[in-house]
Amino acid sequence: MENQLLCPDLFDEINKDLGNSLSVLEGTTTVIGREREKNALKVVLNKKERPVAILLGGHGAGKSVLAKAYMNDLRNEGIHVEMFQLKVGLMGRDSDELKARMNTLLEKLKVYKDEALKKDKNAEFILFI
């Protein structure tokens, strides 16, 4: 069940400002046997202050699969979820451009979130780096 962006034009504008470093993650991923990790992710991402989770693991450990499975669990509960992946390597051609864009990243995504919540007050937004 794929979701459409609530504010696609605003997303495109923000993404252009960030060097097209954001992509929208989609998929119908489910996982078996990772309920403990998905529940921990849910607890952390539902905190009012600093809802930040870090998924650590080597290449192929299942970080992306776990994140997408969490997103799809929320969608199966009827929640509109948008998950963005940041590709840091596309953020800038040099350290100055990278630093400038990184400094505005969360601010720009908050603008997007605020506008999107006007369309769906229960929507969830996840940044996957």
# chains A, B, ... in the order shown; residues from 1 in each chain; ligands from 1
>>> select_by_dssp(residues="range 12-59 of chain A", states="alpha helix (DSSP H)", output="compact mmCIF listing (two decimals) with C-alpha atoms, in the first residue's frame")
# COMPACT_ATOMS: atom_id res chain seq x y z
CA ASP A 12 10.36 18.79 -4.87
CA GLU A 13 11.31 22.37 -3.99
CA ILE A 14 12.99 21.33 -0.73
CA ASN A 15 14.74 18.42 -2.39
CA LYS A 16 16.10 20.70 -5.12
CA ASP A 17 17.47 23.05 -2.42
CA GLU A 35 9.18 -8.02 16.46
CA ARG A 36 11.52 -6.99 19.29
CA GLU A 37 13.39 -4.57 17.02
CA LYS A 38 10.18 -3.19 15.49
CA ASN A 39 8.65 -2.67 18.94
CA ALA A 40 11.80 -0.89 20.15
CA LEU A 41 11.69 1.31 17.04
CA LYS A 42 8.05 2.14 17.75
CA VAL A 43 8.79 3.10 21.35
CA VAL A 44 11.70 5.37 20.39
CA LEU A 45 9.94 7.03 17.44
>>> closest_atom_pairs(of="range 3-29 of chain A", to="range 123-129 of chain A", cutoff="10 Å", atoms="only C-alpha atoms", output="tab-separated table")
residue	atom	partner	partner_atom	distance
A:Leu6	CA	A:Ala123	CA	9.1
A:Leu22	CA	A:Leu127	CA	9.1
A:Ser23	CA	A:Phe128	CA	9.7
A:Val24	CA	A:Leu127	CA	9.5
A:Leu25	CA	A:Phe128	CA	8.8
>>> write_last_selection(atoms="all heavy atoms", output="mmCIF file, in the first residue's frame")
data_model
loop_
_atom_site.group_PDB
_atom_site.id
_atom_site.type_symbol
_atom_site.label_atom_id
_atom_site.label_comp_id
_atom_site.auth_asym_id
_atom_site.auth_seq_id
_atom_site.Cartn_x
_atom_site.Cartn_y
_atom_site.Cartn_z
ATOM 1 N N LEU A 6 1.958 14.091 0.601
ATOM 2 C CA LEU A 6 0.893 15.054 0.892
ATOM 3 C C LEU A 6 1.164 16.395 0.230
ATOM 4 O O LEU A 6 0.241 17.096 -0.151
ATOM 5 C CB LEU A 6 0.723 15.214 2.397
ATOM 6 C CG LEU A 6 0.155 13.994 3.118
ATOM 7 C CD1 LEU A 6 0.208 14.192 4.634
ATOM 8 C CD2 LEU A 6 -1.270 13.711 2.675
ATOM 9 N N LEU A 22 17.311 13.742 -1.277
ATOM 10 C CA LEU A 22 16.251 12.983 -0.619
ATOM 11 C C LEU A 22 15.540 12.098 -1.630
ATOM 12 O O LEU A 22 15.286 12.504 -2.758
ATOM 13 C CB LEU A 22 15.219 13.919 0.009
ATOM 14 C CG LEU A 22 15.672 14.766 1.184
ATOM 15 C CD1 LEU A 22 14.575 15.756 1.574
ATOM 16 C CD2 LEU A 22 16.034 13.893 2.373
ATOM 17 N N SER A 23 15.213 10.898 -1.206
ATOM 18 C CA SER A 23 14.353 10.042 -2.019
ATOM 19 C C SER A 23 13.253 9.513 -1.106
ATOM 20 O O SER A 23 13.421 9.426 0.108
ATOM 21 C CB SER A 23 15.145 8.898 -2.659
ATOM 22 O OG SER A 23 15.761 8.107 -1.678
ATOM 23 N N VAL A 24 12.133 9.198 -1.706
ATOM 24 C CA VAL A 24 11.003 8.670 -0.953
ATOM 25 C C VAL A 24 11.126 7.151 -0.946
ATOM 26 O O VAL A 24 11.226 6.525 -1.997
ATOM 27 C CB VAL A 24 9.664 9.095 -1.596
ATOM 28 C CG1 VAL A 24 8.494 8.519 -0.838
ATOM 29 C CG2 VAL A 24 9.574 10.613 -1.672
ATOM 30 N N LEU A 25 11.154 6.577 0.252
ATOM 31 C CA LEU A 25 11.246 5.124 0.370
ATOM 32 C C LEU A 25 9.847 4.528 0.338
ATOM 33 O O LEU A 25 8.944 4.991 1.023
ATOM 34 C CB LEU A 25 11.933 4.724 1.674
ATOM 35 C CG LEU A 25 13.429 4.952 1.750
ATOM 36 C CD1 LEU A 25 13.959 4.475 3.092
ATOM 37 C CD2 LEU A 25 14.153 4.239 0.637
#
>>> closest_residue(among="A:Lys99, A:Arg34, A:Lys108, A:Lys119", to="Ala69 in chain A", atoms="only C-alpha atoms")
A:Arg34
>>> select_by_dssp(residues="chain A", states="strand (DSSP E or B)", output="list in words")
Leu22, Ser23, Val24, Leu25, Val81, Glu82, Met83, Phe84, Gln85, Leu86, Glu124, Phe125, Ile126, Leu127 and Phe128 of chain A
